[in-house]
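Trainee: Contents of work.txt (compact mmCIF, C-alpha atoms) are below:
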# COMPACT_ATOMS: atom_id res chain seq x y z
CA MET A 1 -25.43 31.15 -168.19
CA THR A 2 -27.47 34.33 -168.46
CA GLU A 3 -28.26 36.27 -165.30
CA LEU A 4 -31.05 34.99 -163.10
CA ARG A 5 -34.31 36.91 -163.11
CA VAL A 6 -36.19 37.28 -159.83
CA LEU A 7 -39.61 38.82 -159.35
CA VAL A 8 -40.26 40.30 -155.88
CA VAL A 9 -43.95 40.64 -155.02
CA SER A 10 -44.99 42.83 -152.08
CA GLY A 11 -48.36 41.87 -150.60
CA SER A 12 -48.76 44.85 -148.27
CA VAL A 13 -50.92 47.91 -148.94
CA ARG A 14 -49.80 49.82 -145.83
CA LYS A 15 -47.71 52.96 -146.33
CA PRO A 16 -45.07 53.06 -145.01
CA SER A 17 -44.76 49.29 -144.79
CA TYR A 18 -42.29 47.11 -142.90
CA THR A 19 -43.13 44.27 -145.30
CA THR A 20 -42.29 46.38 -148.33
CA ALA A 21 -39.10 47.59 -146.64
CA LEU A 22 -38.07 43.95 -146.13
CA ALA A 23 -38.91 43.13 -149.75
CA LEU A 24 -36.80 46.07 -150.93
CA ALA A 25 -33.88 44.90 -148.78
CA VAL A 26 -34.12 41.45 -150.35
CA GLY A 27 -34.29 42.99 -153.82
CA ALA A 28 -31.19 45.10 -153.15
CA ARG A 29 -29.26 42.05 -151.97
CA LEU A 30 -30.35 40.07 -155.03
CA SER A 31 -29.16 42.90 -157.27
CA ALA A 32 -25.82 42.91 -155.45
CA GLU A 33 -25.51 39.24 -156.42
CA GLN A 34 -26.02 40.17 -160.09
CA ALA A 35 -29.60 38.93 -160.32
CA LYS A 36 -31.97 40.91 -162.53
CA VAL A 37 -34.72 42.01 -160.14
CA ALA A 38 -38.26 42.96 -161.16
CA TRP A 39 -40.71 44.45 -158.70
CA TRP A 40 -44.46 44.08 -158.25
CA ASP A 41 -46.07 46.11 -155.46
CA LEU A 42 -49.71 45.13 -155.02
CA ALA A 43 -50.37 48.49 -153.36
CA GLU A 44 -49.32 50.22 -156.58
CA GLN A 45 -50.43 47.57 -159.08
CA PRO A 46 -53.51 45.83 -157.66
CA VAL A 47 -55.19 43.06 -159.60
CA PRO A 48 -58.95 42.47 -159.80
CA ILE A 49 -60.72 39.75 -157.85
CA ALA A 50 -59.69 36.41 -159.32
CA ASP A 51 -62.02 35.10 -162.00
CA PRO A 52 -62.23 31.27 -161.97
CA ALA A 53 -63.01 31.31 -165.69
CA PHE A 54 -59.31 32.05 -166.28
CA HIS A 55 -57.68 29.87 -163.60
CA ARG A 56 -56.28 27.51 -166.25
CA ALA A 57 -55.30 30.20 -168.75
CA PRO A 58 -54.56 33.47 -166.91
CA GLU A 59 -52.66 34.74 -169.94
CA ASN A 60 -56.08 35.15 -171.60
CA HIS A 61 -57.53 37.24 -168.78
CA PRO A 62 -59.30 40.37 -170.09
CA ASP A 63 -57.59 42.57 -167.50
CA LEU A 64 -54.29 44.02 -168.71
CA THR A 65 -52.77 44.11 -165.21
CA VAL A 66 -53.34 40.38 -164.73
CA ARG A 67 -51.77 39.62 -168.10
CA ARG A 68 -48.76 41.77 -167.18
CA LEU A 69 -48.37 39.92 -163.89
CA VAL A 70 -48.53 36.58 -165.72
CA LYS A 71 -45.76 37.70 -168.08
CA GLN A 72 -43.60 38.87 -165.18
CA ILE A 73 -43.96 35.55 -163.38
CA ASP A 74 -43.40 33.57 -166.59
CA ALA A 75 -40.17 35.47 -167.24
CA ALA A 76 -38.79 34.95 -163.73
CA ASP A 77 -36.37 32.21 -162.72
CA ALA A 78 -37.42 32.69 -159.10
CA VAL A 79 -40.04 34.58 -157.12
CA VAL A 80 -40.05 36.24 -153.70
CA LEU A 81 -43.43 36.57 -151.98
CA ALA A 82 -43.66 39.13 -149.17
CA SER A 83 -46.61 39.47 -146.81
CA PRO A 84 -47.59 41.02 -143.50
CA LEU A 85 -49.00 38.68 -140.89
CA TYR A 86 -52.80 38.97 -140.85
CA HIS A 87 -54.93 36.69 -138.64
CA ASN A 88 -52.24 33.98 -138.45
CA SER A 89 -51.83 33.96 -142.24
CA PHE A 90 -50.79 36.08 -145.21
CA SER A 91 -52.60 39.04 -146.76
CA GLY A 92 -55.75 38.74 -148.83
CA VAL A 93 -54.34 40.89 -151.64
CA LEU A 94 -51.46 38.46 -152.07
CA LYS A 95 -53.77 35.43 -152.01
CA ASN A 96 -55.97 37.07 -154.65
CA ALA A 97 -52.96 37.76 -156.86
CA LEU A 98 -51.86 34.12 -156.58
CA ASP A 99 -55.42 33.02 -157.39
CA CYS A 100 -55.12 34.96 -160.65
CA LEU A 101 -52.22 32.71 -161.68
CA SER A 102 -51.89 29.04 -162.59
CA MET A 103 -49.54 26.14 -161.93
CA ARG A 104 -47.71 26.86 -165.19
CA GLN A 105 -46.34 30.08 -163.73
CA PHE A 106 -44.73 28.27 -160.76
CA GLN A 107 -43.83 24.74 -161.81
CA HIS A 108 -40.15 23.96 -161.08
CA LYS A 109 -39.70 27.56 -159.91
CA PRO A 110 -38.10 28.41 -156.54
CA VAL A 111 -40.11 30.73 -154.31
CA GLY A 112 -38.61 32.59 -151.36
CA LEU A 113 -41.03 33.51 -148.57
CA ILE A 114 -40.72 36.57 -146.34
CA SER A 115 -43.07 38.24 -143.88
CA HIS A 116 -43.41 40.82 -141.14
CA GLY A 117 -45.37 40.42 -137.93
CA ARG A 118 -45.17 40.09 -134.18
CA GLN A 119 -42.23 38.19 -132.68
CA ARG A 120 -40.94 37.24 -136.13
CA SER A 121 -43.83 34.82 -136.51
CA THR A 122 -43.59 32.26 -139.30
CA GLN A 123 -47.37 31.80 -139.58
CA ALA A 124 -47.69 33.79 -142.82
CA VAL A 125 -44.85 31.96 -144.57
CA ASP A 126 -46.08 28.61 -143.28
CA GLN A 127 -49.44 29.24 -144.93
CA LEU A 128 -47.76 30.52 -148.09
CA ARG A 129 -45.66 27.36 -148.29
CA THR A 130 -48.86 25.31 -148.63
CA VAL A 131 -50.12 27.53 -151.46
CA VAL A 132 -46.77 27.42 -153.28
CA ARG A 133 -46.84 23.62 -153.10
CA GLY A 134 -50.34 23.66 -154.58
CA LEU A 135 -48.99 25.76 -157.46
CA ARG A 136 -46.14 23.24 -157.97
CA GLY A 137 -43.54 25.78 -156.96
CA VAL A 138 -40.53 24.92 -154.80
CA SER A 139 -40.34 26.84 -151.53
CA THR A 140 -36.87 27.60 -150.21
CA THR A 141 -36.14 26.16 -146.78
CA THR A 142 -35.05 29.44 -145.21
CA PRO A 143 -37.87 31.90 -144.53
CA LEU A 144 -37.20 35.51 -143.57
CA CYS A 145 -39.47 36.98 -140.89
CA THR A 146 -39.14 40.29 -139.06
CA MET A 147 -40.80 42.35 -136.34
CA ASP A 148 -40.94 46.10 -135.71
CA SER A 149 -37.83 46.23 -133.52
CA ASP A 150 -35.71 44.88 -136.38
CA TYR A 151 -36.01 48.28 -138.08
CA LEU A 152 -35.30 51.91 -137.51
CA PRO A 153 -38.81 53.37 -137.45
CA PRO A 154 -39.97 55.45 -140.42
CA VAL A 155 -39.43 59.19 -140.11
CA ASP A 156 -41.69 61.78 -141.77
CA GLY A 157 -43.44 59.17 -143.88
CA GLY A 158 -40.22 57.55 -145.07
CA ALA A 159 -39.55 53.83 -145.25
CA PRO A 160 -38.38 51.76 -142.26
CA SER A 161 -34.73 50.69 -142.39
CA LEU A 162 -33.71 47.11 -141.58
CA VAL A 163 -30.93 47.15 -138.95
CA ALA A 164 -31.09 43.87 -136.96
CA SER A 165 -27.72 42.19 -137.57
CA ASP A 166 -29.04 38.64 -137.23
CA ILE A 167 -31.79 39.32 -139.78
CA VAL A 168 -29.29 40.88 -142.20
CA GLU A 169 -27.16 37.75 -141.85
CA ARG A 170 -30.19 35.54 -142.44
CA LEU A 171 -31.11 37.67 -145.46
CA ASP A 172 -27.77 36.79 -147.03
CA ARG A 173 -28.46 33.09 -146.47
CA PHE A 174 -31.98 33.50 -147.88
CA VAL A 175 -30.68 35.12 -151.08
CA THR A 176 -27.87 32.59 -151.55
CA GLU A 177 -30.29 29.68 -151.19
CA LEU A 178 -32.81 31.20 -153.58
CA LEU A 179 -30.24 31.86 -156.30
CA ASP A 180 -28.57 28.46 -155.89
CA LEU A 181 -31.95 26.74 -156.22
CA ALA A 182 -32.89 28.90 -159.21
CA THR A 183 -29.65 27.88 -160.93
CA ALA A 184 -30.28 24.21 -160.21
CA LEU A 185 -33.90 24.25 -161.34
CA ARG A 186 -33.51 26.40 -164.44
CA PRO A 187 -32.84 23.39 -166.74
CA LEU A 188 -36.12 21.81 -165.63
CA ARG A 189 -38.04 24.96 -166.49
CA THR A 190 -36.35 25.58 -169.82
CA GLY A 191 -36.51 22.00 -171.05
CA ASP A 192 -32.74 21.45 -171.11
CA VAL A 193 -33.12 18.34 -168.95
CA ALA A 194 -35.67 16.84 -171.35
CA ARG A 195 -33.36 17.52 -174.31
CA THR A 196 -30.44 15.92 -172.50
CA ARG A 197 -32.50 12.82 -171.73
CA ALA A 198 -33.58 12.58 -175.37
CA GLU A 199 -29.96 12.77 -176.50
CA ARG A 200 -29.02 9.95 -174.13
CA VAL A 201 -31.81 7.75 -175.52
CA GLN A 202 -30.60 8.36 -179.07
Please lay out the structure from this file as structure tokens.

Mentor:
Amino acid sequence: MTELRVLVVSGSVRKPSYTTALALAVGARLSAEQAKVAWWDLAEQPVPIADPAFHRAPENHPDLTVRRLVKQIDAADAVVLASPLYHNSFSGVLKNALDCLSMRQFQHKPVGLISHGRQRSTQAVDQLRTVVRGLRGVSTTTPLCTMDSDYLPPVDGGAPSLVASDIVERLDRFVTELLDLATALRPLRTGDVARTRAERVQ
């Protein structure tokens, strides 16, 4: 089996950002497990306000950035969505990016959910889980949520560094679950299951 491809999407525009630091830690752990990791930072690569005219066919969107995001999602075996906690939910920039996509990008695709906010709140990932279900994606059961004290604070504009041992342990479980689910669901996405069923009928 070829290596698994995972797209990590950071939905924070703050700099430096705890959310982005968490997303980078997840990406590094995925790479250590031999996954091929792609990165989409919505602070660096923002997308325009979603146009409902292209909700069913985002690959035809006139904006090049949207089309690039569609291709990245299409190519991924799994996705990680990272968001800060804003008003008991996830960030508007991430919601807008998801609104630029369609169900075809997420069907039978595992999605890992991570967030940063007060007291390791799960509110952002709980809301994201509903959206992922609406996109026909498959949310992993283990979310990853952090708070400020889980990090060494940024120094001189640098990035925060994740140090909480229990979160690092949970990160390992998060990555293992995501990759196991991506392996299990890949035949559904690629059509191998349908071909196997057809062979059995014959």

Trainee: Would you mind listing what lies within 10 Å of range 122-135 of chain A as a ChimeraX atom specification, with all atoms listed in the file counted and same-chain residues fewer than 3 positions away left out?

Mentor: /A:81-91,94-95,98-99,101-119,138-141,143-146

Trainee: In Å, with one decimal, what is the gap from CA of Gly158 in chain A to CA of Val9 in chain A?

Mentor: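 Between CA of Gly158 in chain A and CA of Val9 in chain A the gap works out to 20.0 Å.
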
Trainee: Please determine the residues with any atom at most 8 Å from (-34.3, 38.0, -156.0) (coordinates as given in the file, with all atoms listed in the file counting) and report them as JSON, numbers by chain.

Mentor: {"A": [5, 6, 7, 8, 26, 27, 29, 30, 31, 35, 36, 37, 78, 79, 80, 175, 178, 179]}

Trainee: Quick check, in Å to one decimal: how far apart do CA of Ala184 in chain A and CA of Leu24 in chain A lie?

Mentor: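 Between CA of Ala184 in chain A and CA of Leu24 in chain A the gap works out to 24.6 Å.
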